[in-house]
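J.: final-v1.cif is reproduced in full below (mmCIF, C-alpha atoms and all ligand atoms; chains and numbers go by the auth columns).
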data_work
#
loop_
_atom_site.group_PDB
_atom_site.id
_atom_site.type_symbol
_atom_site.label_atom_id
_atom_site.label_comp_id
_atom_site.label_asym_id
_atom_site.label_seq_id
_atom_site.Cartn_x
_atom_site.Cartn_y
_atom_site.Cartn_z
_atom_site.B_iso_or_equiv
_atom_site.auth_seq_id
_atom_site.auth_asym_id
ATOM 1 C CA MET A 1 -8.412 -23.447 -15.361 0.00 3 A
ATOM 2 C CA PHE A 2 -5.428 -23.655 -17.700 0.00 4 A
ATOM 3 C CA THR A 3 -6.599 -27.062 -18.870 0.00 5 A
ATOM 4 C CA ARG A 4 -10.264 -26.216 -18.761 0.00 6 A
ATOM 5 C CA LEU A 5 -9.795 -23.307 -21.171 0.00 7 A
ATOM 6 C CA GLY A 6 -7.882 -25.577 -23.551 0.00 8 A
ATOM 7 C CA CYS A 7 -4.532 -23.810 -23.238 0.00 9 A
ATOM 8 C CA GLN A 8 -1.853 -25.880 -24.949 0.00 10 A
ATOM 9 C CA GLY A 9 1.508 -27.038 -23.713 0.00 11 A
ATOM 10 C CA ARG A 10 2.995 -27.188 -20.294 0.00 12 A
ATOM 11 C CA PRO A 11 1.472 -24.675 -17.902 0.00 13 A
ATOM 12 C CA PRO A 12 3.861 -22.117 -16.400 0.00 14 A
ATOM 13 C CA ARG A 13 4.670 -22.260 -12.713 0.00 15 A
ATOM 14 C CA PHE A 14 1.913 -20.162 -11.218 0.00 16 A
ATOM 15 C CA SER A 15 2.693 -17.900 -8.327 0.00 17 A
ATOM 16 C CA VAL A 16 -0.534 -16.331 -7.138 0.00 18 A
ATOM 17 C CA ASP A 17 -1.033 -13.647 -4.491 0.00 19 A
ATOM 18 C CA PHE A 18 -3.697 -11.295 -3.320 0.00 20 A
ATOM 19 C CA TYR A 19 -2.744 -7.683 -3.898 0.00 21 A
ATOM 20 C CA PRO A 20 -4.290 -4.452 -2.580 0.00 22 A
ATOM 21 C CA TYR A 21 -5.252 -2.875 -5.884 0.00 23 A
ATOM 22 C CA ALA A 22 -7.480 0.195 -5.767 0.00 24 A
ATOM 23 C CA SER A 23 -10.201 -1.678 -7.623 0.00 25 A
ATOM 24 C CA LEU A 24 -11.316 -5.157 -8.578 0.00 26 A
ATOM 25 C CA SER A 25 -8.442 -5.759 -10.957 0.00 27 A
ATOM 26 C CA HIS A 26 -6.027 -8.590 -11.455 0.00 28 A
ATOM 27 C CA THR A 27 -2.725 -8.846 -13.278 0.00 29 A
ATOM 28 C CA PHE A 28 -0.793 -11.596 -14.983 0.00 30 A
ATOM 29 C CA ARG A 29 2.868 -11.406 -15.899 0.00 31 A
ATOM 30 C CA LEU A 30 4.919 -14.121 -17.571 0.00 32 A
ATOM 31 C CA ARG A 31 8.564 -14.232 -16.630 0.00 33 A
ATOM 32 C CA GLY A 32 10.367 -17.182 -18.136 0.00 34 A
ATOM 33 C CA ASP A 33 8.360 -20.222 -17.135 0.00 35 A
ATOM 34 C CA GLU A 34 6.847 -18.458 -14.170 0.00 36 A
ATOM 35 C CA ALA A 35 3.483 -16.723 -14.203 0.00 37 A
ATOM 36 C CA LEU A 36 3.147 -14.008 -11.581 0.00 38 A
ATOM 37 C CA VAL A 37 -0.510 -13.513 -10.836 0.00 39 A
ATOM 38 C CA ARG A 38 -1.954 -10.843 -8.599 0.00 40 A
ATOM 39 C CA ILE A 39 -5.591 -11.085 -7.662 0.00 41 A
ATOM 40 C CA SER A 40 -7.330 -8.086 -6.117 0.00 42 A
ATOM 41 C CA ASP A 41 -7.596 -8.627 -2.388 0.00 43 A
ATOM 42 C CA LEU A 42 -11.273 -7.748 -2.739 0.00 44 A
ATOM 43 C CA MET A 43 -11.545 -11.402 -3.679 0.00 45 A
ATOM 44 C CA ARG A 44 -10.269 -12.670 -0.359 0.00 46 A
ATOM 45 C CA GLY A 45 -12.860 -15.114 0.862 0.00 47 A
ATOM 46 C CA ALA A 46 -14.762 -14.994 -2.445 0.00 48 A
ATOM 47 C CA PRO A 47 -16.641 -18.163 -3.440 0.00 49 A
ATOM 48 C CA LEU A 48 -14.543 -20.699 -5.347 0.00 50 A
ATOM 49 C CA GLN A 49 -16.634 -20.105 -8.467 0.00 51 A
ATOM 50 C CA ALA A 50 -15.772 -16.421 -8.500 0.00 52 A
ATOM 51 C CA LEU A 51 -12.066 -17.141 -7.977 0.00 53 A
ATOM 52 C CA GLU A 52 -12.112 -19.666 -10.809 0.00 54 A
ATOM 53 C CA ALA A 53 -13.838 -17.121 -12.980 0.00 55 A
ATOM 54 C CA ALA A 54 -11.177 -14.495 -12.243 0.00 56 A
ATOM 55 C CA ALA A 55 -8.459 -17.004 -13.137 0.00 57 A
ATOM 56 C CA GLY A 56 -10.361 -17.906 -16.304 0.00 58 A
ATOM 57 C CA ILE A 57 -10.668 -14.259 -17.343 0.00 59 A
ATOM 58 C CA LEU A 58 -6.929 -13.672 -16.911 0.00 60 A
ATOM 59 C CA LEU A 59 -5.935 -16.858 -18.715 0.00 61 A
ATOM 60 C CA ALA A 60 -8.377 -16.313 -21.554 0.00 62 A
ATOM 61 C CA ARG A 61 -6.904 -12.865 -22.087 0.00 63 A
ATOM 62 C CA VAL A 62 -3.274 -13.971 -21.983 0.00 64 A
ATOM 63 C CA TYR A 63 -3.692 -17.157 -24.029 0.00 65 A
ATOM 64 C CA ARG A 64 -6.350 -15.732 -26.320 0.00 66 A
ATOM 65 C CA LYS A 65 -8.945 -18.321 -25.446 0.00 67 A
ATOM 66 C CA HIS A 66 -12.677 -18.094 -25.535 0.00 68 A
ATOM 67 C CA LEU A 67 -14.091 -17.536 -22.056 0.00 69 A
ATOM 68 C CA PRO A 68 -17.000 -19.894 -21.350 0.00 70 A
ATOM 69 C CA ALA A 69 -20.200 -17.910 -20.808 0.00 71 A
ATOM 70 C CA GLY A 70 -20.778 -19.546 -17.437 0.00 72 A
ATOM 71 C CA LEU A 71 -17.530 -18.159 -16.075 0.00 73 A
ATOM 72 C CA ALA A 72 -18.162 -14.657 -17.334 0.00 74 A
ATOM 73 C CA GLU A 73 -21.560 -14.817 -15.714 0.00 75 A
ATOM 74 C CA SER A 74 -20.356 -16.008 -12.298 0.00 76 A
ATOM 75 C CA TYR A 75 -17.670 -13.327 -12.286 0.00 77 A
ATOM 76 C CA ARG A 76 -20.212 -10.658 -13.175 0.00 78 A
ATOM 77 C CA ARG A 77 -22.515 -11.828 -10.402 0.00 79 A
ATOM 78 C CA PHE A 78 -19.675 -11.626 -7.911 0.00 80 A
ATOM 79 C CA ALA A 79 -18.414 -8.208 -9.090 0.00 81 A
ATOM 80 C CA GLU A 80 -21.882 -6.710 -8.974 0.00 82 A
ATOM 81 C CA SER A 81 -22.886 -8.124 -5.634 0.00 83 A
ATOM 82 C CA GLY A 82 -23.717 -5.572 -2.971 0.00 84 A
ATOM 83 C CA GLY A 83 -20.965 -6.635 -0.589 0.00 85 A
ATOM 84 C CA VAL A 84 -18.234 -6.303 -3.178 0.00 86 A
ATOM 85 C CA ARG A 85 -19.494 -2.932 -4.333 0.00 87 A
ATOM 86 C CA ARG A 86 -19.590 -1.582 -0.811 0.00 88 A
ATOM 87 C CA ARG A 87 -16.084 -2.824 -0.082 0.00 89 A
ATOM 88 C CA MET A 88 -14.860 -1.427 -3.366 0.00 90 A
ATOM 89 C CA ASN A 89 -16.247 2.008 -2.582 0.00 91 A
ATOM 90 C CA ARG A 90 -14.641 1.981 0.836 0.00 92 A
ATOM 91 C CA ILE A 91 -11.342 0.911 -0.652 0.00 93 A
ATOM 92 C CA ARG A 92 -11.542 3.499 -3.404 0.00 94 A
ATOM 93 C CA GLN A 93 -11.843 6.222 -0.823 0.00 95 A
ATOM 94 C CA ARG A 94 -8.951 4.814 1.102 0.00 96 A
ATOM 95 C CA ARG A 95 -6.756 3.695 -1.737 0.00 97 A
ATOM 96 C CA GLY A 96 -7.243 6.299 -4.357 0.00 98 A
ATOM 97 C CA ARG A 97 -4.027 8.039 -5.206 0.00 99 A
ATOM 98 C CA ARG A 98 -3.794 10.863 -2.720 0.00 100 A
ATOM 99 C CA ALA A 99 -3.308 14.333 -3.995 0.00 101 A
ATOM 100 C CA HIS A 100 -0.151 16.001 -2.762 0.00 102 A
ATOM 101 C CA THR A 101 1.866 19.064 -3.565 0.00 103 A
ATOM 102 C CA GLY A 102 5.154 17.283 -4.178 0.00 104 A
ATOM 103 C CA ALA A 103 8.179 16.577 -2.025 0.00 105 A
ATOM 104 C CA GLN A 104 9.496 20.120 -1.765 0.00 106 A
ATOM 105 C CA GLY A 105 7.516 21.947 0.887 0.00 107 A
ATOM 106 C CA GLY A 106 7.801 25.427 2.303 0.00 108 A
ATOM 107 C CA ALA A 107 10.067 24.251 5.107 0.00 109 A
ATOM 108 C CA TYR A 108 11.209 20.713 4.293 0.00 110 A
ATOM 109 C CA ASP A 109 12.092 18.598 1.296 0.00 111 A
ATOM 110 C CA LEU A 110 10.624 15.135 1.830 0.00 112 A
ATOM 111 C CA GLY A 111 12.694 13.645 -0.997 0.00 113 A
ATOM 112 C CA GLU A 112 15.870 14.618 0.787 0.00 114 A
ATOM 113 C CA ILE A 113 14.579 13.314 4.120 0.00 115 A
ATOM 114 C CA PHE A 114 13.496 10.026 2.506 0.00 116 A
ATOM 115 C CA ALA A 115 16.944 9.527 0.972 0.00 117 A
ATOM 116 C CA ARG A 116 18.717 10.244 4.250 0.00 118 A
ATOM 117 C CA VAL A 117 16.451 8.036 6.379 0.00 119 A
ATOM 118 C CA ASN A 118 16.766 5.292 3.766 0.00 120 A
ATOM 119 C CA ARG A 119 20.553 5.478 3.982 0.00 121 A
ATOM 120 C CA ASP A 120 20.743 5.763 7.784 0.00 122 A
ATOM 121 C CA TYR A 121 18.130 3.188 8.799 0.00 123 A
ATOM 122 C CA PHE A 122 17.470 0.884 5.860 0.00 124 A
ATOM 123 C CA GLY A 123 20.920 0.581 4.291 0.00 125 A
ATOM 124 C CA GLY A 124 19.469 2.287 1.212 0.00 126 A
ATOM 125 C CA ARG A 125 17.375 -0.807 0.488 0.00 127 A
ATOM 126 C CA LEU A 126 13.956 0.795 0.147 0.00 128 A
ATOM 127 C CA SER A 127 13.106 1.617 -3.427 0.00 129 A
ATOM 128 C CA PRO A 128 12.239 5.227 -4.138 0.00 130 A
ATOM 129 C CA LEU A 129 8.564 5.972 -4.384 0.00 131 A
ATOM 130 C CA GLU A 130 6.290 8.941 -4.775 0.00 132 A
ATOM 131 C CA ILE A 131 6.447 11.116 -1.668 0.00 133 A
ATOM 132 C CA GLY A 132 4.759 14.443 -1.031 0.00 134 A
ATOM 133 C CA TRP A 133 2.977 16.823 1.312 0.00 135 A
ATOM 134 C CA SER A 134 -0.795 16.544 1.689 0.00 136 A
ATOM 135 C CA VAL A 135 -2.709 19.288 -0.096 0.00 137 A
ATOM 136 C CA ARG A 136 -4.702 20.165 3.004 0.00 138 A
ATOM 137 C CA PRO A 137 -3.772 19.772 6.648 0.00 139 A
ATOM 138 C CA TRP A 138 -5.184 16.590 8.210 0.00 140 A
ATOM 139 C CA GLU A 139 -6.716 16.518 11.660 0.00 141 A
ATOM 140 C CA ARG A 140 -5.580 13.169 12.919 0.00 142 A
ATOM 141 C CA GLN A 141 -3.216 11.391 10.619 0.00 143 A
ATOM 142 C CA LEU A 142 0.483 12.160 10.411 0.00 144 A
ATOM 143 C CA GLY A 143 1.200 10.274 7.247 0.00 145 A
ATOM 144 C CA VAL A 144 0.109 7.482 4.964 0.00 146 A
ATOM 145 C CA PHE A 145 1.939 4.754 3.128 0.00 147 A
ATOM 146 C CA ASP A 146 -0.013 3.214 0.297 0.00 148 A
ATOM 147 C CA PRO A 147 1.514 0.006 -1.060 0.00 149 A
ATOM 148 C CA GLY A 148 -0.850 -0.277 -4.025 0.00 150 A
ATOM 149 C CA MET A 149 -0.091 3.256 -5.140 0.00 151 A
ATOM 150 C CA ARG A 150 3.555 3.167 -4.055 0.00 152 A
ATOM 151 C CA GLN A 151 3.081 6.476 -2.363 0.00 153 A
ATOM 152 C CA ILE A 152 3.867 8.182 0.938 0.00 154 A
ATOM 153 C CA VAL A 153 1.978 11.340 1.807 0.00 155 A
ATOM 154 C CA ILE A 154 2.833 13.374 4.905 0.00 156 A
ATOM 155 C CA ASN A 155 0.490 15.733 6.738 0.00 157 A
ATOM 156 C CA GLU A 156 1.091 19.265 5.533 0.00 158 A
ATOM 157 C CA ARG A 157 0.760 20.504 9.124 0.00 159 A
ATOM 158 C CA LEU A 158 4.319 19.319 9.703 0.00 160 A
ATOM 159 C CA ASP A 159 5.775 21.471 6.929 0.00 161 A
ATOM 160 C CA ARG A 160 6.556 24.352 9.278 0.00 162 A
ATOM 161 C CA LEU A 161 9.833 25.666 10.590 0.00 163 A
ATOM 162 C CA GLU A 162 8.429 25.451 14.146 0.00 164 A
ATOM 163 C CA VAL A 163 8.374 21.691 13.624 0.00 165 A
ATOM 164 C CA PRO A 164 11.905 20.336 14.147 0.00 166 A
ATOM 165 C CA GLU A 165 13.288 18.398 11.237 0.00 167 A
ATOM 166 C CA TYR A 166 13.753 15.237 13.321 0.00 168 A
ATOM 167 C CA VAL A 167 9.983 15.200 13.868 0.00 169 A
ATOM 168 C CA VAL A 168 9.330 15.209 10.126 0.00 170 A
ATOM 169 C CA ALA A 169 12.067 12.618 9.625 0.00 171 A
ATOM 170 C CA PHE A 170 10.501 10.439 12.329 0.00 172 A
ATOM 171 C CA VAL A 171 7.089 10.528 10.647 0.00 173 A
ATOM 172 C CA VAL A 172 8.718 9.683 7.305 0.00 174 A
ATOM 173 C CA TYR A 173 10.649 6.883 9.051 0.00 175 A
ATOM 174 C CA HIS A 174 7.382 5.484 10.436 0.00 176 A
ATOM 175 C CA GLU A 175 5.817 5.327 6.958 0.00 177 A
ATOM 176 C CA MET A 176 9.018 3.827 5.569 0.00 178 A
ATOM 177 C CA LEU A 177 8.793 1.041 8.158 0.00 179 A
ATOM 178 C CA HIS A 178 5.392 0.246 6.670 0.00 180 A
ATOM 179 C CA GLN A 179 6.989 0.326 3.240 0.00 181 A
ATOM 180 C CA GLY A 180 9.700 -2.025 4.480 0.00 182 A
ATOM 181 C CA GLN A 181 7.253 -4.508 5.904 0.00 183 A
ATOM 182 C CA ASP A 182 4.849 -3.852 3.018 0.00 184 A
ATOM 183 C CA ALA A 183 2.106 -5.627 4.811 0.00 185 A
ATOM 184 C CA GLY A 184 -0.122 -4.968 1.854 0.00 186 A
ATOM 185 C CA ARG A 185 -2.275 -2.706 3.925 0.00 187 A
ATOM 186 C CA SER A 186 -3.162 0.728 2.887 0.00 188 A
ATOM 187 C CA ARG A 187 -3.120 2.998 5.839 0.00 189 A
ATOM 188 C CA CYS A 188 -1.957 3.567 9.325 0.00 190 A
ATOM 189 C CA ARG A 189 -4.279 2.020 11.788 0.00 191 A
ATOM 190 C CA MET A 190 -3.430 0.928 15.264 0.00 192 A
ATOM 191 C CA GLY A 191 -3.968 -2.681 14.253 0.00 193 A
ATOM 192 C CA LEU A 192 -1.046 -2.463 11.863 0.00 194 A
ATOM 193 C CA HIS A 193 1.405 -1.577 14.566 0.00 195 A
ATOM 194 C CA SER A 194 2.557 -4.854 15.981 0.00 196 A
ATOM 195 C CA PRO A 195 4.859 -4.942 19.011 0.00 197 A
ATOM 196 C CA GLN A 196 7.649 -5.713 16.540 0.00 198 A
ATOM 197 C CA PHE A 197 6.748 -2.601 14.548 0.00 199 A
ATOM 198 C CA ARG A 198 6.800 -0.528 17.726 0.00 200 A
ATOM 199 C CA ARG A 199 10.238 -1.834 18.604 0.00 201 A
ATOM 200 C CA ALA A 200 11.546 -0.928 15.161 0.00 202 A
ATOM 201 C CA GLU A 201 10.044 2.524 15.568 0.00 203 A
ATOM 202 C CA LYS A 202 12.088 3.079 18.710 0.00 204 A
ATOM 203 C CA ARG A 203 15.296 2.587 16.766 0.00 205 A
ATOM 204 C CA PHE A 204 14.845 6.104 15.444 0.00 206 A
ATOM 205 C CA ARG A 205 17.498 8.163 17.216 0.00 207 A
ATOM 206 C CA GLU A 206 15.255 11.052 18.311 0.00 208 A
ATOM 207 C CA TYR A 207 12.279 8.790 18.952 0.00 209 A
ATOM 208 C CA GLU A 208 11.511 10.130 22.451 0.00 210 A
ATOM 209 C CA ARG A 209 11.964 13.787 21.518 0.00 211 A
ATOM 210 C CA ALA A 210 9.870 13.420 18.381 0.00 212 A
ATOM 211 C CA ARG A 211 7.113 11.637 20.273 0.00 213 A
ATOM 212 C CA ARG A 212 7.059 14.302 22.983 0.00 214 A
ATOM 213 C CA PHE A 213 6.848 17.071 20.395 0.00 215 A
ATOM 214 C CA LEU A 214 3.946 15.390 18.599 0.00 216 A
ATOM 215 C CA MET A 215 2.129 14.798 21.881 0.00 217 A
ATOM 216 C CA ARG A 216 2.507 18.433 22.920 0.00 218 A
ATOM 217 C CA ALA A 217 1.279 19.518 19.492 0.00 219 A
ATOM 218 C CA GLY A 218 -1.720 17.244 20.023 0.00 220 A
ATOM 219 C CA ILE A 219 -1.100 15.285 16.843 0.00 221 A
ATOM 220 C CA TRP A 220 0.271 12.029 18.232 0.00 222 A
HETATM 221 ZN ZN ZN B . 1.593 3.517 10.932 0.00 301 B
#
Please express the file's structure as C-alpha cells.
T.:
Amino acid sequence: MFTRLGCQGRPPRFSVDFYPYASLSHTFRLRGDEALVRISDLMRGAPLQALEAAAGILLARVYRKHLPAGLAESYRRFAESGGVRRRMNRIRQRRGRRAHTGAQGGAYDLGEIFARVNRDYFGGRLSPLEIGWSVRPWERQLGVFDPGMRQIVINERLDRLEVPEYVVAFVVYHEMLHQGQDAGRSRCRMGLHSPQFRRAEKRFREYERARRFLMRAGIW
C-alpha cells in the first residue's frame, strides 16, 4: 500500500498488530524507522480488500496522500456491513470505559492494594493503570480488566469491612494477572483462564482462604 499510494522514499519497518480498541479505529505511530501500526481487532478475518483499505487510510493520513476512491469505498462497505456493526455494538457494551467511583472506597483503597500486590507478586513490573470500585454492585462478576481502556474495576460488593482485605487483594491480583498476560481480551470469561493462569492464581498466599470466602458469599 505504501508504494500503491505513491509514498516516496524507503518505507519504514512496519510492525502491525490487531488491538482491542473500543471501536473500529486504527493507529499509526512512527518511531525512528519503525512504524507501529495497530488495527482494530474488529478487522480480524476481514476480507483482504478491507484490510488493504484500512492500511491505505492510515498511510494516506500520515503521508498526506490522496486516498483512491475505490479504497475509501471498500472500507466504507466493510465498516457499514451488518456483521461489523453488530460486533461493534457488542464490543462497545463490553469495552466502553466502565464508570467507577475511584480507588478509595468506604472500606478499602484499591490503589494501595494494587501497589502492594504489584510489589509482592510482580516485582513492581506492572504499570499503574486506572483502578476503581464499580458504581453499582454486580451480580456475578468480581472484577474486570480492560486492556484497551487500561482499567481495572472491582465489584463494589467487596468494599465492605466484613470482606477480609486478602479477599479484595486476591480479586485485584486476579485482574492484575490478566494485565500481566495482557491477552488483549476485555473481560473475565472462563475461556480466558488457561491452566497456566490457574496455576499463577494459586501463587496468591491466601488463595484457599479467599476462594472459600467467595464461595460462601456465593460470588465465586
Ligand atoms: Zn479472570
J.: For each of A:Ala212, A:Leu179, A:Met3, A:Leu60, take the minimum atom-to-atom distance to Phe147 in chain A, counting all atoms listed in the file, then give the residue where this is smallest.
T.: A:Leu179
J.: Could you tell me how far CA of Leu44 in chain A sits from CA of Gln143 in chain A, in Å to one decimal place?
T.: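 Here the two named atoms are 24.7 Å from each other.
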J.: If you measure from CA of Phe16 in chain A to CA of Thr29 in chain A, what distance in Å do you get, rounded to one decimal?
T.: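 Computing the Euclidean distance for CA of Phe16 in chain A and CA of Thr29 in chain A yields 12.4 Å.
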J.: Please provide as a PyMOL selection string all residues within 10 Å of range 99-101 of chain A, with the sequence filter that same-chain residues fewer than 4 positions apart are discarded (counting all atoms listed in the file).
T.: chain A and resi 24+94-95+134-138+146+148+150-155
J.: Hey, which of A:Leu7, A:Arg162, A:Ile156, A:Phe215 ends up closest to ligand ZN 301 (chain B)? Count all atoms listed in the file.
T.: A:Ile156
